[in-house]
Amino acid sequence: MEEKTISIKDYHYDLPQDRIATYPLSERDASKLLVYKQGNILESQYAFIDEYLPQDSLLFFNNTKVIPARLFFKTETQKDIEIFCLEPISHQADVYTNMMQQGTSVWKCLVGGAAKWKQSQVFLSHPDVQMKAEIKERLQGTFILEFTWEPVEKTFAEVLQLAGAIPIPPYLKRATEALDLERYQTIYANKAGSVAAPTAGLHFTDNVFGKLKAKQIEPSYVTLHVGAGTFKPVKSETMAEHDMHSEYIDVSLSTIEYMYANIHKTITAVGTTSLRTLESLYWIGEKINLEPSLKIHELDIHQWQPYESTSNLSVQESLKSVIDYLKQHQLTNLYAKTSILIVPGYPFKVVSRLVTNFHQPESTLILLVAAFIGEDWRKVYQYALEHEFRFLSYGDGSLLFRTQ
């Protein structure tokens with residue numbers, strides 16, 4: 001499989017520190033927009049993105065909401081311990097159910113200052129909540145922690161809102177500030193569960209949505225809860241040794257039915273997370289089509305599944321398989337986990353256009369962009385560097401038309 005031999009070093013570019021946007025612009029839609037289509041590049045602004053999208057096309061956003069996933073504890077000897085909640089450990093497929101747990105919850109976490117954690121428990125004291133954390137298991141680089149708190153009537157989501165901090169990206173090299181509470185969140189975020197923002201959507205405003213509506217482009221929403229793995233560097237020489245992180249997805253039956261009914265229209269994904277969700281939908285449909293008796297927890301997509309597939313299922317057939325499966329199991333939402341890895345050679349099934357920011361060198365996101373527009377990814381990034389575009393989460397972005 002050629003995709004496994006891809007060398008990450010071939011996807012390097014020099015990103016000066018001063019090109020990384022450490023703060024957002026005062027107006028979300030004032031960010032610059034690079035439009036790439038059929039080898040040509042033009043420069044615009046997010047406020048005018050409607051001008052570059054076909055009328056009556058489909059536009060999908062990730063409506064996940066960033067949670068205040070950083071918690072600050074003390075040991076019995078008053079030493080500081082920082083805990084970064086990554087994902088719930090639970091039999092429940094949807095993150096929402098875990099966020100609504102009362103009194104106790106178990107999560108996979110990163111721990112800062114773990115060497116100072118000598119006793120069995122650490123403590124968090126807040127005027128409205130008292131919390132304890134206990135190590136249940138030590139993994140390679142992460143910990144399984146059990147949280148307990150009082151008042152037990154409070155949900156885990158409420159505890160995080162009271163005592164947690166928004167985890168802005170480490171490459172910003174600054175502490176979280178008040179403005180991040182609003183700006184490191186899309187205006188349509190409503191499903192709590194991410195530890196990083198789906199940043200392509202940060203540029204969209206009510207003004208932009210109004211312009212899109214005038215062109216009969218109505219927004220649709222899927223959910224992928226972004227994990228800290230999005231910042232995970234590729235440390236292996238080739239992709240064969242890279243373990244792609246998994247993330248929770250949540251797509252309503254009505255949304256899948258809407259896609260099915262409008263299968264003749266082209267789809268734009270706002271953000272790599274939306275794209276990964278939509279493409280994962282296809283592969284879940286393929287799994288169901290091949291084995292209709294699959295259990296709910298067996299729908300997860302592993303990173304190499306698209307490259308091992310020998311099926312020629314159409315998108316319409318795949319979506320129909322998902323719809324029938326959900327109805328058969330009396331489910332209103334599809335919940336699954338995806339580890340889909342999109343690298344050059346990936347056979348795109350669903351998405352024709354991608355709205356995305358500018359990503360870190362040697363990252364899986366650069367590989368995704370290269371899969372989408374081929375070797376012209378270098379041309380796009382060189383243009384952005386030479387024309388004062390701002391990079392990464394709070395930076396500018398692009399609208400890319402797929403080349404294959």
# chains A, B, ... in the order shown; residues from 1 in each chain; ligands from 1
call {"tool": "residues_around", "arguments": {"residues": "stretch 84-100 of chain A", "least_positions_apart": "2", "cutoff": "8 Å", "atoms": "only C-alpha atoms", "output": "list of chain:residue names"}}
result
A:Ala69, A:Arg70, A:Leu71, A:Glu82, A:Gln102, A:Ser105, A:Val106, A:Trp107, A:Lys108, A:Cys109, A:Leu110, A:Val111, A:Ile144, A:Thr155, A:Phe156, A:Ala157, A:Lys191, A:Ala192, A:Gly193, A:Val195, A:Gly227, A:Ala228, A:Tyr248, A:Asp250, A:His297, A:Tyr335, A:Ala336
call {"tool": "write_last_selection", "arguments": {"atoms": "N, CA and C atoms", "output": "mmCIF file, in the first residue's frame"}}
result
data_model
loop_
_atom_site.group_PDB
_atom_site.id
_atom_site.type_symbol
_atom_site.label_atom_id
_atom_site.label_comp_id
_atom_site.auth_asym_id
_atom_site.auth_seq_id
_atom_site.Cartn_x
_atom_site.Cartn_y
_atom_site.Cartn_z
ATOM 1 N N ALA A 69 -11.434 22.365 29.138
ATOM 2 C CA ALA A 69 -10.912 21.037 29.472
ATOM 3 C C ALA A 69 -9.692 21.045 30.388
ATOM 4 N N ARG A 70 -9.174 22.235 30.720
ATOM 5 C CA ARG A 70 -7.998 22.313 31.608
ATOM 6 C C ARG A 70 -8.451 22.584 33.038
ATOM 7 N N LEU A 71 -8.038 21.714 33.947
ATOM 8 C CA LEU A 71 -8.395 21.832 35.365
ATOM 9 C C LEU A 71 -7.131 21.915 36.200
ATOM 10 N N GLU A 82 -1.732 20.163 36.769
ATOM 11 C CA GLU A 82 -2.660 20.583 35.705
ATOM 12 C C GLU A 82 -3.165 19.347 34.965
ATOM 13 N N GLN A 102 -23.339 12.958 36.579
ATOM 14 C CA GLN A 102 -23.375 13.675 37.852
ATOM 15 C C GLN A 102 -22.534 12.945 38.906
ATOM 16 N N SER A 105 -17.086 10.862 36.983
ATOM 17 C CA SER A 105 -16.848 10.647 35.563
ATOM 18 C C SER A 105 -15.403 10.198 35.375
ATOM 19 N N VAL A 106 -15.164 9.341 34.387
ATOM 20 C CA VAL A 106 -13.827 8.812 34.121
ATOM 21 C C VAL A 106 -13.371 9.297 32.753
ATOM 22 N N TRP A 107 -12.150 9.867 32.706
ATOM 23 C CA TRP A 107 -11.633 10.451 31.466
ATOM 24 C C TRP A 107 -10.176 10.050 31.233
ATOM 25 N N LYS A 108 -9.826 9.985 29.948
ATOM 26 C CA LYS A 108 -8.404 9.914 29.585
ATOM 27 C C LYS A 108 -7.867 11.331 29.611
ATOM 28 N N CYS A 109 -6.709 11.537 30.253
ATOM 29 C CA CYS A 109 -6.201 12.896 30.472
ATOM 30 C C CYS A 109 -4.690 12.968 30.265
ATOM 31 N N LEU A 110 -4.247 14.164 29.980
ATOM 32 C CA LEU A 110 -2.832 14.509 30.122
ATOM 33 C C LEU A 110 -2.658 15.127 31.496
ATOM 34 N N VAL A 111 -1.508 14.900 32.119
ATOM 35 C CA VAL A 111 -1.261 15.442 33.455
ATOM 36 C C VAL A 111 0.059 16.194 33.457
ATOM 37 N N ILE A 144 -5.674 7.477 32.910
ATOM 38 C CA ILE A 144 -7.107 7.317 33.101
ATOM 39 C C ILE A 144 -7.420 7.804 34.514
ATOM 40 N N THR A 155 -23.576 18.507 36.852
ATOM 41 C CA THR A 155 -23.069 17.656 35.777
ATOM 42 C C THR A 155 -21.584 17.954 35.551
ATOM 43 N N PHE A 156 -20.920 17.049 34.859
ATOM 44 C CA PHE A 156 -19.507 17.275 34.549
ATOM 45 C C PHE A 156 -19.345 18.539 33.707
ATOM 46 N N ALA A 157 -20.286 18.769 32.800
ATOM 47 C CA ALA A 157 -20.249 19.985 31.978
ATOM 48 C C ALA A 157 -20.311 21.234 32.853
ATOM 49 N N LYS A 191 -22.658 21.785 20.613
ATOM 50 C CA LYS A 191 -22.529 20.425 21.150
ATOM 51 C C LYS A 191 -21.170 20.299 21.848
ATOM 52 N N ALA A 192 -21.190 20.406 23.165
ATOM 53 C CA ALA A 192 -19.947 20.432 23.933
ATOM 54 C C ALA A 192 -19.204 19.106 23.853
ATOM 55 N N GLY A 193 -17.868 19.202 23.675
ATOM 56 C CA GLY A 193 -17.083 17.976 23.656
ATOM 57 C C GLY A 193 -15.689 18.092 23.085
ATOM 58 N N VAL A 195 -11.752 19.583 22.572
ATOM 59 C CA VAL A 195 -10.680 20.231 23.329
ATOM 60 C C VAL A 195 -9.858 21.142 22.418
ATOM 61 N N GLY A 227 -10.158 16.178 19.173
ATOM 62 C CA GLY A 227 -9.295 15.745 20.267
ATOM 63 C C GLY A 227 -7.952 16.437 20.226
ATOM 64 N N ALA A 228 -7.196 16.294 21.307
ATOM 65 C CA ALA A 228 -5.866 16.905 21.372
ATOM 66 C C ALA A 228 -4.926 16.297 20.339
ATOM 67 N N TYR A 248 -14.803 11.289 18.245
ATOM 68 C CA TYR A 248 -16.232 10.993 18.223
ATOM 69 C C TYR A 248 -16.923 11.803 17.135
ATOM 70 N N ASP A 250 -20.938 12.554 15.414
ATOM 71 C CA ASP A 250 -22.368 12.522 15.732
ATOM 72 C C ASP A 250 -23.092 13.208 14.571
ATOM 73 N N HIS A 297 -21.418 -0.433 18.182
ATOM 74 C CA HIS A 297 -20.028 -0.117 18.524
ATOM 75 C C HIS A 297 -19.029 -0.635 17.491
ATOM 76 N N TYR A 335 -23.821 7.645 16.028
ATOM 77 C CA TYR A 335 -22.673 7.895 16.897
ATOM 78 C C TYR A 335 -21.595 6.868 16.565
ATOM 79 N N ALA A 336 -20.378 7.345 16.365
ATOM 80 C CA ALA A 336 -19.269 6.435 16.075
ATOM 81 C C ALA A 336 -17.958 7.153 16.379
#
call {"tool": "residues_around", "arguments": {"residues": "stretch 320-325 of chain A", "least_positions_apart": "5", "cutoff": "8 Å", "atoms": "only C-alpha atoms", "output": "ChimeraX atom specification"}}
result
/A:253,256-257,260,281,284-286,288-289,292
call {"tool": "residues_around", "arguments": {"residues": "A:Arg183", "least_positions_apart": "3", "cutoff": "9 Å", "atoms": "only C-alpha atoms", "output": "compact mmCIF listing (two decimals) with N, CA and C atoms, in the first residue's frame"}}
result
# COMPACT_ATOMS: atom_id res chain seq x y z
N PRO A 24 -6.80 36.63 17.32
CA PRO A 24 -7.70 36.79 16.17
C PRO A 24 -7.82 38.26 15.77
N ARG A 28 -14.30 38.76 12.75
CA ARG A 28 -14.09 37.39 12.29
C ARG A 28 -13.97 37.29 10.76
N LEU A 179 -10.67 37.03 25.96
CA LEU A 179 -11.19 37.07 24.59
C LEU A 179 -11.30 35.68 23.98
N ASP A 180 -10.45 34.75 24.45
CA ASP A 180 -10.47 33.40 23.90
C ASP A 180 -11.78 32.67 24.22
N THR A 186 -16.79 28.83 17.54
CA THR A 186 -17.60 29.30 16.41
C THR A 186 -18.91 29.88 16.94
N ILE A 187 -19.56 30.74 16.15
CA ILE A 187 -20.79 31.37 16.63
C ILE A 187 -21.96 30.39 16.66
N LEU A 202 -14.29 29.58 12.51
CA LEU A 202 -14.17 30.78 13.34
C LEU A 202 -14.40 32.06 12.54
N TYR A 394 -5.78 30.97 14.67
CA TYR A 394 -6.34 32.32 14.64
C TYR A 394 -5.98 33.06 13.34
call {"tool": "closest_atom_pairs", "arguments": {"of": "stretch 267-368 of chain A", "to": "stretch 40-53 of chain A", "cutoff": "10 Å", "atoms": "only C-alpha atoms", "output": "CSV"}}
result
residue,atom,partner,partner_atom,distance
A:Ile267,CA,A:Leu53,CA,9.9
A:Thr268,CA,A:Leu53,CA,8.4
A:Arg353,CA,A:Leu53,CA,9.0
A:Val355,CA,A:Ile49,CA,9.6
call {"tool": "closest_residue", "arguments": {"among": "A:Lys32, A:Ile20, A:Lys136, A:Glu362", "to": "A:Glu237", "atoms": "only C-alpha atoms"}}
result
A:Glu362
call {"tool": "select_by_dssp", "arguments": {"residues": "stretch 165-244 of chain A", "states": "helix (DSSP H, G or I)", "output": "number ranges by chain"}}
result
A: 170-172, 178-183, 199-203, 206-214, 228-231, 239-241
call {"tool": "closest_residue", "arguments": {"among": "A:Ser125, A:Thr266, A:Asn63, A:Ser311", "to": "A:Tyr221", "atoms": "only C-alpha atoms"}}
result
A:Asn63
call {"tool": "residues_around", "arguments": {"residues": "A:Pro127", "least_positions_apart": "6", "cutoff": "12 Å", "atoms": "only C-alpha atoms", "output": "compact mmCIF listing (two decimals) with N, CA and C atoms, in the first residue's frame"}}
result
# COMPACT_ATOMS: atom_id res chain seq x y z
N GLU A 150 -18.55 17.34 44.53
CA GLU A 150 -19.75 17.76 45.27
C GLU A 150 -19.99 19.24 44.97
N PRO A 151 -21.22 19.66 44.83
CA PRO A 151 -22.46 18.89 44.95
C PRO A 151 -22.59 17.87 43.81
N VAL A 159 -19.39 21.46 36.01
CA VAL A 159 -18.14 21.56 36.77
C VAL A 159 -17.04 22.20 35.92
N LEU A 162 -17.52 25.90 35.55
CA LEU A 162 -17.18 26.62 36.78
C LEU A 162 -15.67 26.70 37.00
N ALA A 163 -14.99 25.57 36.83
CA ALA A 163 -13.60 25.48 37.30
C ALA A 163 -12.56 25.31 36.20
call {"tool": "select_by_dssp", "arguments": {"residues": "stretch 226-260 of chain A", "states": "strand (DSSP E or B)", "output": "ChimeraX atom specification"}}
result
/A:238,247-252
call {"tool": "write_last_selection", "arguments": {"atoms": "N, CA and C atoms", "output": "mmCIF file, in the first residue's frame"}}
result
data_model
loop_
_atom_site.group_PDB
_atom_site.id
_atom_site.type_symbol
_atom_site.label_atom_id
_atom_site.label_comp_id
_atom_site.auth_asym_id
_atom_site.auth_seq_id
_atom_site.Cartn_x
_atom_site.Cartn_y
_atom_site.Cartn_z
ATOM 1 N N THR A 238 7.589 7.317 8.158
ATOM 2 C CA THR A 238 6.536 7.064 7.171
ATOM 3 C C THR A 238 5.197 6.925 7.892
ATOM 4 N N GLU A 247 -11.638 10.110 17.001
ATOM 5 C CA GLU A 247 -12.506 11.181 17.497
ATOM 6 C C GLU A 247 -13.967 10.778 17.345
ATOM 7 N N TYR A 248 -14.803 11.289 18.245
ATOM 8 C CA TYR A 248 -16.232 10.993 18.223
ATOM 9 C C TYR A 248 -16.923 11.803 17.135
ATOM 10 N N ILE A 249 -17.803 11.136 16.389
ATOM 11 C CA ILE A 249 -18.657 11.850 15.439
ATOM 12 C C ILE A 249 -20.119 11.600 15.787
ATOM 13 N N ASP A 250 -20.938 12.554 15.414
ATOM 14 C CA ASP A 250 -22.368 12.522 15.732
ATOM 15 C C ASP A 250 -23.092 13.208 14.571
ATOM 16 N N VAL A 251 -23.871 12.439 13.818
ATOM 17 C CA VAL A 251 -24.610 12.987 12.672
ATOM 18 C C VAL A 251 -26.056 12.529 12.778
ATOM 19 N N SER A 252 -26.979 13.465 12.674
ATOM 20 C CA SER A 252 -28.393 13.128 12.820
ATOM 21 C C SER A 252 -28.904 12.385 11.584
#
call {"tool": "residues_around", "arguments": {"residues": "A:Tyr13", "least_positions_apart": "6", "cutoff": "12 Å", "atoms": "only C-alpha atoms", "output": "CSV table (one decimal) with C-alpha atoms, in the first residue's frame"}}
result
chain,number,residue,atom,x,y,z
A,358,PHE,CA,-3.2,27.1,7.0
A,359,HIS,CA,-1.7,24.2,8.9
A,360,GLN,CA,1.5,23.2,10.6
A,361,PRO,CA,4.4,21.7,8.6
A,362,GLU,CA,4.7,17.9,8.6
A,363,SER,CA,1.1,17.4,10.1
A,366,ILE,CA,-1.0,19.1,5.5
A,377,TRP,CA,-0.4,22.5,-1.9
A,378,ARG,CA,3.1,23.9,-2.1
A,379,LYS,CA,2.0,26.5,-4.5
A,380,VAL,CA,-0.9,27.5,-2.2
A,381,TYR,CA,1.3,27.7,0.9
A,382,GLN,CA,4.1,29.6,-0.8
A,384,ALA,CA,0.2,32.5,1.5
A,385,LEU,CA,3.7,33.0,2.9
call {"tool": "residues_around", "arguments": {"residues": "A:Ser7", "least_positions_apart": "2", "cutoff": "8 Å", "atoms": "only C-alpha atoms", "output": "ChimeraX atom specification"}}
result
/A:5,9-11,237-239
call {"tool": "residues_around", "arguments": {"residues": "A:Leu278", "least_positions_apart": "2", "cutoff": "9 Å", "atoms": "only C-alpha atoms", "output": "short mmCIF file (atom, residue, chain, number, x, y, z; two decimals) with C-alpha atoms, in the first residue's frame"}}
result
data_model
loop_
_atom_site.label_atom_id
_atom_site.label_comp_id
_atom_site.auth_asym_id
_atom_site.auth_seq_id
_atom_site.Cartn_x
_atom_site.Cartn_y
_atom_site.Cartn_z
CA PHE A 60 -21.48 21.55 6.06
CA VAL A 222 -22.39 17.54 11.64
CA ALA A 269 -16.94 21.10 3.97
CA THR A 273 -13.13 17.99 10.79
CA SER A 274 -16.32 18.37 8.74
CA LEU A 275 -14.59 16.74 5.78
CA ARG A 276 -13.38 13.81 7.91
CA SER A 280 -16.31 8.73 7.36
CA LEU A 281 -20.06 8.55 6.72
CA TYR A 282 -19.34 6.91 3.38
CA LYS A 349 -16.17 10.15 -2.06
CA VAL A 350 -18.24 13.03 -0.71
CA VAL A 351 -16.54 16.46 -0.51
#
call {"tool": "atom_distance", "arguments": {"atom1": "atom CA of A:Gly39", "atom2": "atom CA of A:Ile340"}}
result
26.9 Å
call {"tool": "closest_residue", "arguments": {"among": "A:Thr199, A:Asn190, A:Thr272, A:Asn312", "to": "A:Asp396", "atoms": "only C-alpha atoms"}}
result
A:Thr199
call {"tool": "closest_residue", "arguments": {"among": "A:Ile67, A:Leu58, A:Val122, A:Ala165", "to": "A:Glu218", "atoms": "only C-alpha atoms"}}
result
A:Leu58
